[in-house]
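Novice: This is input.txt, which holds compact mmCIF, C-alpha atoms:
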```txt
# COMPACT_ATOMS: atom_id res chain seq x y z
CA MET A 9 0.00 0.00 0.00
CA ASP A 10 1.63 3.27 -1.09
CA ALA A 11 1.46 6.66 0.55
CA GLN A 12 -1.18 7.97 -1.85
CA THR A 13 -3.64 5.20 -0.97
CA ILE A 14 -3.18 5.78 2.74
CA LYS A 15 -3.74 9.50 2.18
CA THR A 16 -7.05 8.87 0.38
CA LEU A 17 -8.13 6.43 3.09
CA VAL A 18 -7.48 9.01 5.81
CA GLY A 19 -9.37 11.54 3.69
CA ILE A 20 -12.37 9.24 3.37
CA PHE A 21 -12.32 8.56 7.11
CA LEU A 22 -12.19 12.25 8.06
CA ALA A 23 -14.80 13.24 5.47
CA ALA A 24 -17.18 10.60 6.84
CA ILE A 25 -16.83 12.06 10.33
CA LEU A 26 -16.79 15.79 9.65
CA THR A 27 -18.16 16.92 6.31
CA GLU A 28 -20.49 14.03 5.52
CA ASN A 29 -21.66 13.40 9.05
CA TYR A 30 -24.59 10.98 8.82
CA VAL A 31 -26.73 12.60 11.45
CA LEU A 32 -26.02 16.28 11.00
CA ASN A 33 -25.45 16.48 7.25
CA LYS A 34 -27.34 13.59 5.73
CA PHE A 35 -30.24 13.18 8.15
CA LEU A 36 -29.72 9.45 8.56
CA GLY A 37 -30.31 7.83 11.92
CA ILE A 38 -32.27 10.73 13.39
CA CYS A 39 -34.53 8.47 15.49
CA PRO A 40 -31.75 7.06 17.72
CA PHE A 41 -30.10 10.49 17.66
CA LEU A 42 -33.18 12.06 19.24
CA GLY A 43 -34.32 9.04 21.24
CA VAL A 44 -31.18 7.63 22.85
CA SER A 45 -29.07 10.77 23.32
CA LYS A 46 -30.49 11.73 26.71
CA LYS A 47 -27.67 10.20 28.72
CA LEU A 48 -23.98 10.06 27.87
CA ASN A 49 -23.50 6.36 28.64
CA THR A 50 -26.50 5.14 26.61
CA ALA A 51 -25.45 7.40 23.74
CA PHE A 52 -21.98 5.87 23.81
CA GLY A 53 -23.21 2.25 23.91
CA MET A 54 -25.72 2.83 21.13
CA SER A 55 -23.18 4.49 18.83
CA CYS A 56 -20.59 1.74 19.38
CA ALA A 57 -23.19 -0.88 18.47
CA VAL A 58 -24.14 1.15 15.37
CA THR A 59 -20.48 1.42 14.30
CA VAL A 60 -19.92 -2.34 14.64
CA VAL A 61 -23.09 -3.18 12.70
CA MET A 62 -22.28 -0.60 9.99
CA VAL A 63 -18.85 -2.11 9.30
CA ILE A 64 -20.07 -5.72 9.36
CA ALA A 65 -23.13 -4.88 7.23
CA THR A 66 -20.98 -3.17 4.60
CA ALA A 67 -18.48 -6.06 4.69
CA VAL A 68 -21.31 -8.51 3.94
CA THR A 69 -23.60 -6.57 1.57
CA TRP A 70 -20.80 -5.32 -0.72
CA PRO A 71 -19.73 -8.82 -1.90
CA ILE A 72 -23.37 -9.90 -2.16
CA TYR A 73 -24.13 -6.94 -4.44
CA THR A 74 -21.05 -7.04 -6.63
CA GLY A 75 -20.64 -10.81 -6.67
CA LEU A 76 -24.21 -12.03 -6.77
CA LEU A 77 -26.75 -9.36 -7.73
CA VAL A 78 -24.77 -7.61 -10.48
CA PRO A 79 -23.67 -10.75 -12.44
CA LYS A 80 -27.21 -12.15 -12.27
CA GLU A 81 -28.70 -8.75 -13.21
CA LEU A 82 -30.80 -8.63 -10.06
CA GLU A 83 -29.84 -5.10 -8.95
CA TYR A 84 -33.49 -4.20 -8.44
CA LEU A 85 -33.62 -6.65 -5.53
CA GLN A 86 -31.07 -4.53 -3.66
CA THR A 87 -33.54 -3.05 -1.15
CA ILE A 88 -35.12 -6.38 -0.17
CA VAL A 89 -31.85 -8.28 -0.01
CA PHE A 90 -30.01 -5.63 1.98
CA ILE A 91 -32.66 -5.13 4.63
CA LEU A 92 -33.03 -8.89 5.13
CA VAL A 93 -29.27 -9.40 5.30
CA ILE A 94 -28.97 -6.62 7.89
CA ALA A 95 -31.87 -8.00 9.95
CA ALA A 96 -30.36 -11.50 9.91
CA LEU A 97 -26.91 -10.14 10.68
CA VAL A 98 -28.08 -8.18 13.69
CA GLN A 99 -29.93 -11.22 15.02
CA LEU A 100 -26.85 -13.41 14.50
CA LEU A 101 -24.55 -10.91 16.13
CA GLU A 102 -26.84 -10.69 19.14
CA THR A 103 -26.94 -14.47 19.54
CA ILE A 104 -23.16 -14.83 19.21
CA LEU A 105 -22.48 -12.05 21.68
CA ARG A 106 -24.94 -13.47 24.20
CA LYS A 107 -23.45 -16.95 23.94
CA TYR A 108 -19.73 -16.24 23.84
CA MET A 109 -19.14 -12.73 25.17
CA PRO A 110 -21.64 -11.99 27.95
CA PRO A 111 -19.82 -8.86 29.23
CA LEU A 112 -19.81 -7.31 25.75
CA TYR A 113 -23.42 -8.37 25.29
CA ASN A 114 -24.44 -6.57 28.46
CA SER A 115 -22.84 -3.32 27.33
CA LEU A 116 -23.61 -3.39 23.57
CA GLY A 117 -26.05 -6.23 22.91
CA ILE A 118 -29.06 -4.54 24.41
CA TYR A 119 -28.91 -1.91 21.67
CA LEU A 120 -28.75 -4.39 18.82
CA PRO A 121 -32.49 -5.06 18.29
CA LEU A 122 -33.00 -1.32 17.80
CA ILE A 123 -30.48 -1.17 14.99
CA THR A 124 -32.28 -3.26 12.36
CA THR A 125 -34.59 -0.40 11.49
CA ASN A 126 -31.89 2.27 11.81
CA CYS A 127 -31.74 3.97 8.44
CA ALA A 128 -28.08 4.93 8.92
CA VAL A 129 -27.05 1.27 8.61
CA LEU A 130 -29.07 0.60 5.46
CA GLY A 131 -28.02 4.03 4.20
CA VAL A 132 -24.28 3.39 4.52
CA THR A 133 -24.48 0.08 2.64
CA MET A 134 -26.33 1.76 -0.23
CA LEU A 135 -24.33 4.99 -0.36
CA VAL A 136 -20.96 3.22 -0.66
CA LEU A 137 -22.31 1.40 -3.72
CA GLU A 138 -23.34 4.75 -5.23
CA LYS A 139 -19.81 6.05 -4.64
CA ASN A 140 -18.42 2.89 -6.21
CA ALA A 141 -20.62 3.41 -9.26
CA ALA A 142 -19.28 6.97 -9.61
CA ASP A 143 -15.62 5.91 -9.28
CA PRO A 144 -15.25 2.12 -9.88
CA VAL A 145 -11.44 2.05 -9.76
CA GLY A 146 -10.65 4.43 -6.92
CA TYR A 147 -13.46 3.39 -4.59
CA GLY A 148 -13.22 -0.29 -3.74
CA TYR A 149 -14.01 -2.67 -0.90
CA LEU A 150 -11.35 -1.26 1.45
CA GLN A 151 -12.51 2.34 0.90
CA ALA A 152 -16.11 1.26 1.55
CA LEU A 153 -15.15 -0.37 4.84
CA ILE A 154 -13.18 2.70 5.93
CA ASN A 155 -16.16 4.86 4.99
CA ALA A 156 -18.50 2.66 7.03
CA PHE A 157 -16.20 2.84 10.04
CA GLY A 158 -15.81 6.61 9.68
CA SER A 159 -19.58 7.05 9.40
CA GLY A 160 -20.00 5.09 12.63
CA VAL A 161 -17.42 7.25 14.38
CA GLY A 162 -19.15 10.34 13.00
CA PHE A 163 -22.42 9.07 14.47
CA LEU A 164 -20.62 8.57 17.79
CA VAL A 165 -19.19 12.11 17.73
CA ALA A 166 -22.60 13.63 16.98
CA MET A 167 -24.32 11.54 19.67
CA LEU A 168 -21.76 12.35 22.36
CA LEU A 169 -21.72 16.08 21.57
CA PHE A 170 -25.46 16.14 21.65
CA ALA A 171 -25.86 14.07 24.81
CA GLY A 172 -23.67 16.61 26.59
CA ILE A 173 -25.81 19.47 25.33
CA ARG A 174 -29.04 17.76 26.32
CA GLU A 175 -27.91 17.07 29.85
CA ARG A 176 -27.47 20.83 30.21
CA LEU A 177 -30.76 21.64 28.48
CA GLU A 178 -32.60 19.76 31.22
CA GLU A 179 -31.73 22.49 33.70
CA CYS A 180 -32.70 25.42 31.50
CA ASP A 181 -35.85 27.48 31.74
CA ILE A 182 -37.47 26.83 28.37
CA PRO A 183 -40.78 28.29 27.08
CA GLU A 184 -43.57 25.81 27.70
CA PHE A 185 -44.30 24.67 24.14
CA PHE A 186 -40.63 24.29 23.32
CA ARG A 187 -39.97 21.84 26.13
CA GLY A 188 -38.95 18.36 25.10
CA LEU A 189 -38.55 17.69 21.42
CA PRO A 190 -38.79 21.18 19.84
CA ILE A 191 -35.90 22.64 21.83
CA THR A 192 -33.89 19.48 21.14
CA LEU A 193 -34.34 20.02 17.41
CA VAL A 194 -33.38 23.69 17.63
CA ALA A 195 -30.26 22.65 19.55
CA ALA A 196 -29.53 20.04 16.86
CA SER A 197 -29.83 22.83 14.31
CA LEU A 198 -27.11 24.81 16.09
CA VAL A 199 -24.83 21.77 16.30
CA ALA A 200 -25.39 21.26 12.56
CA VAL A 201 -24.38 24.87 11.93
CA SER A 202 -21.09 24.23 13.71
CA PHE A 203 -20.50 21.16 11.53
CA LEU A 204 -21.04 23.29 8.41
CA GLY A 205 -17.81 24.98 9.46
CA PHE A 206 -15.90 21.84 8.50
CA ASN A 207 -16.87 22.25 4.84
CA GLY A 208 -13.75 22.24 2.73
CA VAL A 209 -11.44 21.33 5.62
CA VAL A 210 -10.89 17.78 4.36
CA ASP A 211 -10.28 18.84 0.75
CA ARG A 212 -7.73 21.36 2.00
CA LEU A 213 -5.92 18.67 4.01
CA MET A 214 -5.55 16.33 1.05
CA MET B 23 -75.62 0.97 10.95
CA GLU B 24 -74.16 1.83 7.58
CA GLU B 25 -73.77 5.45 8.57
CA LYS B 26 -72.09 4.51 11.83
CA LYS B 27 -69.59 2.41 9.93
CA THR B 28 -68.77 5.23 7.54
CA ARG B 29 -68.31 7.60 10.44
CA GLY B 30 -65.92 5.13 12.08
CA LEU B 31 -63.87 4.95 8.92
CA TRP B 32 -63.85 8.74 8.60
CA LYS B 33 -62.51 8.91 12.14
CA GLU B 34 -59.71 6.48 11.27
CA PHE B 35 -58.87 8.67 8.29
CA THR B 36 -58.83 12.05 10.03
CA LYS B 37 -56.94 10.93 13.13
CA GLY B 38 -53.83 10.44 10.98
CA ILE B 39 -54.09 13.95 9.63
CA ILE B 40 -54.58 15.98 12.78
CA LYS B 41 -54.80 14.23 16.14
CA GLU B 42 -52.14 11.58 15.52
CA ASN B 43 -50.22 13.26 12.71
CA PRO B 44 -47.27 10.89 12.27
CA VAL B 45 -44.71 13.63 11.81
CA LEU B 46 -45.82 16.46 14.04
CA ARG B 47 -47.48 14.58 16.90
CA LEU B 48 -45.91 11.11 16.92
CA VAL B 49 -42.57 12.31 15.48
CA LEU B 50 -42.04 9.29 13.22
CA GLY B 51 -40.18 9.14 9.96
CA CYS B 52 -38.15 12.21 10.79
CA CYS B 53 -35.16 11.25 8.60
CA ALA B 54 -37.15 11.49 5.38
CA THR B 55 -39.03 14.54 6.62
CA LEU B 56 -35.83 16.47 7.27
CA ALA B 57 -33.91 15.29 4.24
CA VAL B 58 -36.22 15.72 1.28
CA THR B 59 -38.12 18.87 2.27
CA THR B 60 -35.72 21.26 0.55
CA ALA B 61 -38.37 21.77 -2.14
CA ALA B 62 -42.15 21.52 -1.99
CA SER B 63 -42.35 19.24 -5.04
CA ASN B 64 -39.91 16.73 -3.51
CA ALA B 65 -42.04 16.68 -0.37
CA ILE B 66 -45.12 15.75 -2.43
CA GLY B 67 -43.23 13.07 -4.35
CA MET B 68 -41.87 11.49 -1.18
CA GLY B 69 -45.27 11.76 0.51
CA ALA B 70 -47.02 10.06 -2.39
CA ALA B 71 -44.44 7.25 -2.53
CA THR B 72 -44.70 6.67 1.22
CA THR B 73 -48.51 6.79 1.14
CA PHE B 74 -48.58 4.14 -1.59
CA VAL B 75 -46.29 1.83 0.37
CA LEU B 76 -48.22 2.49 3.58
CA VAL B 77 -51.63 1.69 2.06
CA CYS B 78 -50.42 -1.43 0.21
CA SER B 79 -48.42 -2.85 3.09
CA ASN B 80 -51.24 -2.15 5.55
CA ALA B 81 -53.65 -4.02 3.26
CA ALA B 82 -51.28 -6.96 2.74
CA ILE B 83 -50.36 -7.27 6.41
CA SER B 84 -53.99 -7.01 7.46
CA LEU B 85 -54.89 -9.82 5.03
CA LEU B 86 -52.04 -11.98 6.32
CA ARG B 87 -52.44 -11.11 9.99
CA ASN B 88 -53.76 -14.56 10.93
CA VAL B 89 -51.17 -16.39 8.83
CA ILE B 90 -47.94 -14.74 10.02
CA PRO B 91 -46.61 -16.40 13.20
CA ASN B 92 -46.18 -13.90 15.99
CA LYS B 93 -42.48 -14.63 16.53
CA VAL B 94 -41.34 -13.77 13.02
CA ARG B 95 -43.79 -10.96 12.42
CA ILE B 96 -41.22 -8.13 12.24
CA PRO B 97 -39.05 -9.80 9.53
CA ALA B 98 -42.23 -10.74 7.68
CA PHE B 99 -43.50 -7.15 7.82
CA ILE B 100 -40.13 -5.83 6.64
CA THR B 101 -40.13 -8.21 3.67
CA ILE B 102 -43.65 -7.18 2.63
CA ILE B 103 -42.76 -3.49 2.96
CA ALA B 104 -39.49 -3.93 1.03
CA GLY B 105 -41.45 -5.55 -1.81
CA PHE B 106 -43.75 -2.56 -2.16
CA VAL B 107 -40.83 -0.13 -1.85
CA THR B 108 -39.13 -1.89 -4.77
CA ILE B 109 -42.31 -1.44 -6.83
CA VAL B 110 -42.35 2.29 -6.06
CA GLN B 111 -38.61 2.58 -6.81
CA LEU B 112 -38.97 0.99 -10.24
CA PHE B 113 -42.08 3.05 -11.00
CA ILE B 114 -40.45 6.38 -10.11
CA LYS B 115 -37.25 5.48 -11.95
CA ALA B 116 -39.28 4.79 -15.09
CA PHE B 117 -41.70 7.71 -15.03
CA SER B 118 -39.90 10.51 -13.17
CA PRO B 119 -36.10 10.19 -13.27
CA ALA B 120 -35.77 13.76 -11.92
CA LEU B 121 -37.69 12.86 -8.75
CA ASP B 122 -35.60 9.69 -8.45
CA THR B 123 -32.41 11.78 -8.46
CA ALA B 124 -33.85 14.31 -6.00
CA LEU B 125 -34.95 11.68 -3.47
CA GLY B 126 -31.81 9.59 -3.94
CA VAL B 127 -31.12 7.06 -1.23
CA PHE B 128 -34.20 8.13 0.72
CA LEU B 129 -36.44 6.32 -1.73
CA PRO B 130 -35.17 2.83 -0.81
CA LEU B 131 -34.95 4.00 2.79
CA ILE B 132 -38.77 4.10 2.92
CA VAL B 133 -38.30 0.48 4.06
CA VAL B 134 -36.98 1.61 7.41
CA ASN B 135 -39.39 4.54 7.78
CA CYS B 136 -40.82 3.88 11.21
CA ILE B 137 -44.28 5.17 10.22
CA ILE B 138 -44.85 2.14 8.02
CA LEU B 139 -43.54 -0.51 10.39
CA GLY B 140 -45.25 1.32 13.24
CA ARG B 141 -48.67 1.25 11.57
CA ALA B 142 -48.17 -2.40 10.56
CA GLU B 143 -47.43 -3.35 14.15
CA MET B 144 -49.95 -1.11 15.89
CA PHE B 145 -52.88 -1.14 13.49
CA ALA B 146 -52.81 -3.41 10.44
CA SER B 147 -51.82 -6.56 12.33
CA LYS B 148 -54.84 -6.15 14.61
CA ASN B 149 -57.57 -4.82 12.29
CA LYS B 150 -59.58 -5.80 9.24
CA VAL B 151 -58.54 -4.82 5.72
CA LEU B 152 -60.81 -1.80 5.12
CA PRO B 153 -59.97 0.10 8.34
CA SER B 154 -56.28 -0.71 7.77
CA VAL B 155 -56.34 0.75 4.28
CA VAL B 156 -58.14 3.86 5.53
CA ASP B 157 -55.68 4.17 8.41
CA GLY B 158 -52.77 3.92 5.98
CA LEU B 159 -54.33 6.52 3.71
CA GLY B 160 -54.93 8.94 6.59
CA MET B 161 -51.43 8.52 7.97
CA GLY B 162 -49.99 8.93 4.47
CA VAL B 163 -51.97 12.12 3.86
CA GLY B 164 -50.92 13.45 7.28
CA PHE B 165 -47.29 12.65 6.50
CA THR B 166 -47.52 14.35 3.10
CA ALA B 167 -49.25 17.41 4.54
CA ALA B 168 -46.62 17.88 7.24
CA MET B 169 -43.80 17.43 4.74
CA LEU B 170 -45.47 19.86 2.35
CA CYS B 171 -45.67 22.48 5.13
CA MET B 172 -41.96 22.08 5.79
CA GLY B 173 -41.13 21.98 2.09
CA ILE B 174 -43.02 25.21 1.39
CA ILE B 175 -41.45 27.06 4.34
CA ARG B 176 -37.91 25.91 3.53
CA GLU B 177 -38.21 26.51 -0.22
CA LEU B 178 -39.80 29.94 0.27
CA LEU B 179 -37.20 31.16 2.75
CA GLY B 180 -34.23 29.32 1.31
CA ALA B 181 -34.73 29.83 -2.41
CA GLY B 182 -37.52 32.42 -2.61
CA THR B 183 -39.74 30.07 -4.63
CA VAL B 184 -42.67 27.71 -4.06
CA PHE B 185 -42.98 24.75 -6.44
CA GLY B 186 -40.30 26.50 -8.51
CA ILE B 187 -42.40 29.65 -8.96
CA PRO B 188 -40.48 32.75 -7.83
CA ILE B 189 -42.37 34.58 -5.09
CA LEU B 190 -39.88 36.52 -3.02
CA SER B 191 -37.66 37.70 -5.88
CA GLY B 192 -36.89 41.40 -5.53
CA PHE B 193 -38.49 41.45 -2.10
CA MET B 194 -35.79 39.78 -0.04
CA GLU B 195 -32.61 37.80 -0.49
CA PRO B 196 -33.08 34.03 -0.04
CA ILE B 197 -31.72 32.74 3.28
CA ILE B 198 -29.76 29.78 1.98
CA ILE B 199 -29.26 28.20 5.39
CA PHE B 200 -32.92 27.07 5.32
CA LEU B 201 -32.02 24.69 2.51
CA LEU B 202 -29.03 23.33 4.46
CA PRO B 203 -29.33 20.72 7.24
CA PRO B 204 -29.47 23.24 10.14
CA GLY B 205 -32.49 24.92 8.57
CA GLY B 206 -34.23 21.55 8.38
CA PHE B 207 -33.78 20.90 12.10
CA PHE B 208 -34.83 24.45 12.95
CA VAL B 209 -38.05 24.52 10.90
CA PHE B 210 -38.96 21.04 12.15
CA GLY B 211 -38.49 22.13 15.76
CA LEU B 212 -40.66 25.21 15.27
CA LEU B 213 -43.42 23.23 13.52
CA ILE B 214 -43.56 20.65 16.30
CA ALA B 215 -43.77 23.41 18.89
CA LEU B 216 -46.56 25.04 16.86
CA ALA B 217 -48.45 21.75 16.50
CA GLY B 218 -48.18 21.22 20.25
CA ARG B 219 -49.50 24.73 20.85
CA LEU B 220 -52.39 24.36 18.41
CA SER B 221 -53.55 21.02 19.71
CA GLN B 222 -53.82 22.67 23.13
CA GLU B 223 -51.90 20.02 24.97
CA LYS B 224 -49.86 21.43 27.75
CA LYS B 225 -47.01 19.01 27.20
CA ALA B 226 -44.92 18.10 24.19
CA PRO B 227 -45.31 14.42 23.25
CA GLU B 228 -43.58 12.15 25.74
CA GLY B 229 -40.82 9.73 24.91
CA LEU B 230 -39.87 11.49 21.68
CA GLY B 231 -42.44 9.67 19.60
CA CYS B 232 -40.94 6.29 20.23
CA ALA B 233 -44.46 5.10 21.09
CA GLY B 234 -45.21 4.39 17.45
CA CYS B 235 -41.97 2.53 16.88
CA PRO B 236 -42.35 -1.25 16.76
CA LEU B 237 -39.33 -1.63 18.97
CA ALA B 238 -40.63 0.81 21.57
CA ALA B 239 -41.05 -1.93 24.16
CA SER B 240 -37.39 -2.93 24.21
CA CYS B 241 -36.32 0.70 23.93
CA SER B 242 -38.29 1.92 26.92
CA LYS B 243 -37.09 -1.07 28.91
CA LEU B 244 -33.61 0.01 27.97
CA THR B 245 -34.09 3.56 29.16
CA GLU B 246 -35.58 2.41 32.45
CA LYS B 247 -32.74 -0.02 32.95
CA THR B 248 -29.98 2.51 32.38
CA GLU B 249 -31.74 5.22 34.34
CA GLY B 250 -32.25 2.75 37.17
CA SER B 251 -28.57 1.83 37.20
CA ASP B 252 -27.62 5.49 37.39
CA ARG B 253 -29.29 5.97 40.70
```
Let me see the structure of the file written as structure tokens.

Specialist:
Amino acid sequence: MDAQTIKTLVGIFLAAILTENYVLNKFLGICPFLGVSKKLNTAFGMSCAVTVVMVIATAVTWPIYTGLLVPKELEYLQTIVFILVIAALVQLLETILRKYMPPLYNSLGIYLPLITTNCAVLGVTMLVLEKNAADPVGYGYLQALINAFGSGVGFLVAMLLFAGIRERLEECDIPEFFRGLPITLVAASLVAVSFLGFNGVVDRLM
Amino acid sequence: MEEKKTRGLWKEFTKGIIKENPVLRLVLGCCATLAVTTAASNAIGMGAATTFVLVCSNAAISLLRNVIPNKVRIPAFITIIAGFVTIVQLFIKAFSPALDTALGVFLPLIVVNCIILGRAEMFASKNKVLPSVVDGLGMGVGFTAAMLCMGIIRELLGAGTVFGIPILSGFMEPIIIFLLPPGGFFVFGLLIALAGRLSQEKKAPEGLGCAGCPLAASCSKLTEKTEGSDR
């Protein structure tokens, strides 16, 4: 692996965290972002589980798509196949963790059932294929996996930032009709503004 | 008798639009709502696609409700929904490539829109076909209406147009941030606050709308568990 490849991989990783943040820039995975970000420790556990599932899901769906669906001209089955693969994968992962790694299961496993219907996971498996279609040579399996991992870390960063903000919001005096969800969304809007500041940073670094 | 039945159906239809509006009251399907409402026409396209899937999957699940074993119901529902989503995807790709490009990955992501799975779990799997179809239609119309509201506000402020027709040109500069992600969060927050105010309920919906999510049971257990361990 030469220096140029490593440079692009780092670029993909940073872009996935900062400029293409799944939650704050692409609106994927908003439900867990709003639902599970009340406490720092739950936010951390949930995002770790999401990261693991994202990487494994991409590792499995990519070969299925390129090796099975494309040669057989079954690309239109992508949606059905991917969602079923992810659902089965999450179930399998939960069973394995419960059987062989009880401590890990207790800290991550409880979040797994919630991840099947998380659109960030399905989104990452589909978006890497779009990127591959745009640049078949430069964007391969390795780049897709790095992107999936970076997206998971980006999710983690957004969740942790936001959990910290929400813990403080609890103590604020907020107008009655803004209490709860509305003020959370307005706060999310401000966090998203700060992430807009990263635009161009990654291109500059490369 | 007949009239009573019609009134019951009408109630199922309207509850999705106002009282239990999936977006503004139950806060479901927020990913799609935030992402595609940069233009009013996209909002309508997404709303129509989701409504189609919602009505068809509600009908199919209601017909199969006595056949599907309880243990595998969620995978079964997801498969049914994914089938209808694929139909919509192919249809839009063939007849409106521009809409297909605008909606992008959010079109296949209708599969994981919690409104659809939520209605399947909470309504269609327990009710007869006709009420399920009406429920799906009402929820779909409510979803479309809420998205249209957001789409119009964001397009008007962010681009100065509505459905592509210039309205604010010469009157004020467009505020581009309304088309960017922060604007989406902001308008959504304001609309939910407004909906809460208008429906005269003193409190914003509890639990962040997770109530409609099919996995709400395990989720709330989770929250209790972690909150309990904190103390």

Novice: What are the residues of chain B lining chain A at 6 Å or less? Count only C-alpha atoms, and put the answer as number ranges by chain.

Specialist: B: 53, 57, 104, 134, 203-204, 207-208, 211, 214-215

Novice: Could you list, as a list in words, every residue within 12 Å of A:Tyr147, counting all atoms listed in the file and ignoring same-chain residues fewer than 2 positions away?

Specialist: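 Close residues of A:Tyr147: Thr13, Thr16, Leu17, Ile20, Leu135, Val136, Leu137, Glu138, Lys139, Asn140, Ala141, Ala142, Asp143, Pro144, Val145, Tyr149, Leu150, Gln151, Ala152, Leu153, Ile154 and Asn155 of chain A.
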
Novice: Of the candidates B:Ala217, B:Val163, B:Ile138, B:Leu202, which shows the shortest atom-to-atom distance to B:Gly180, using all atoms listed in the file?

Specialist: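 So, comparing all the options, the nearest one is B:Leu202.
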
Novice: Between atom CA of A:Leu101 and atom CA of A:Val61, what is the distance, to one decimal in Å?

Specialist: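 That distance, rounded to one decimal, is 8.6 Å.
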
Novice: Just to confirm, what's the straight-line distance from atom CA of B:Phe165 to atom CA of B:Cys52 in Å (one decimal)?

Specialist: 10.1 Å

Novice: Can you tell me how far atom CA of B:Leu85 sits from atom CA of A:Gln99, in Å to one decimal?

Specialist: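 It comes out at 26.9 Å.
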
Novice: Pick out the closest residue to A:Ile94 from this set: A:Val78, A:Ile25, A:Val63, A:Leu116. Count all atoms listed in the file.

Specialist: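 Closest to A:Ile94 of all the choices is A:Val63.
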
Novice: So which residues touch B:Ala61 within 8 Å, counting only C-alpha atoms, skipping near sequence neighbours fewer than 4 positions away, as a list of chain:residue names?

Specialist: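 Close residues of B:Ala61: B:Ala65, B:Gly173, B:Ile174, B:Arg176, B:Glu177, B:Val184, B:Phe185.
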
Novice: Check the smallest atom-to-atom distance from each of B:Leu129, B:Leu213, B:Pro97, B:Lys26 to B:Lys115 using only C-alpha atoms, then report the winner.

Specialist: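 Closest candidate: B:Leu129.
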
Novice: Out of A:Met54, A:Met167, A:Leu76, A:Ala156, which residue has the shortest atom-to-atom distance to A:Phe21 when counting only C-alpha atoms?

Specialist: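 Ranking A:Met54, A:Met167, A:Leu76, A:Ala156 by distance to A:Phe21, first place goes to A:Ala156.
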
Novice: I need the residue nearest B:Glu34 from this list: B:Val107, B:Val155, B:Leu121, B:Ile100. Use all atoms listed in the file for the distance.

Specialist: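 Answer, going by the shortest atom-to-atom distance: B:Val155.
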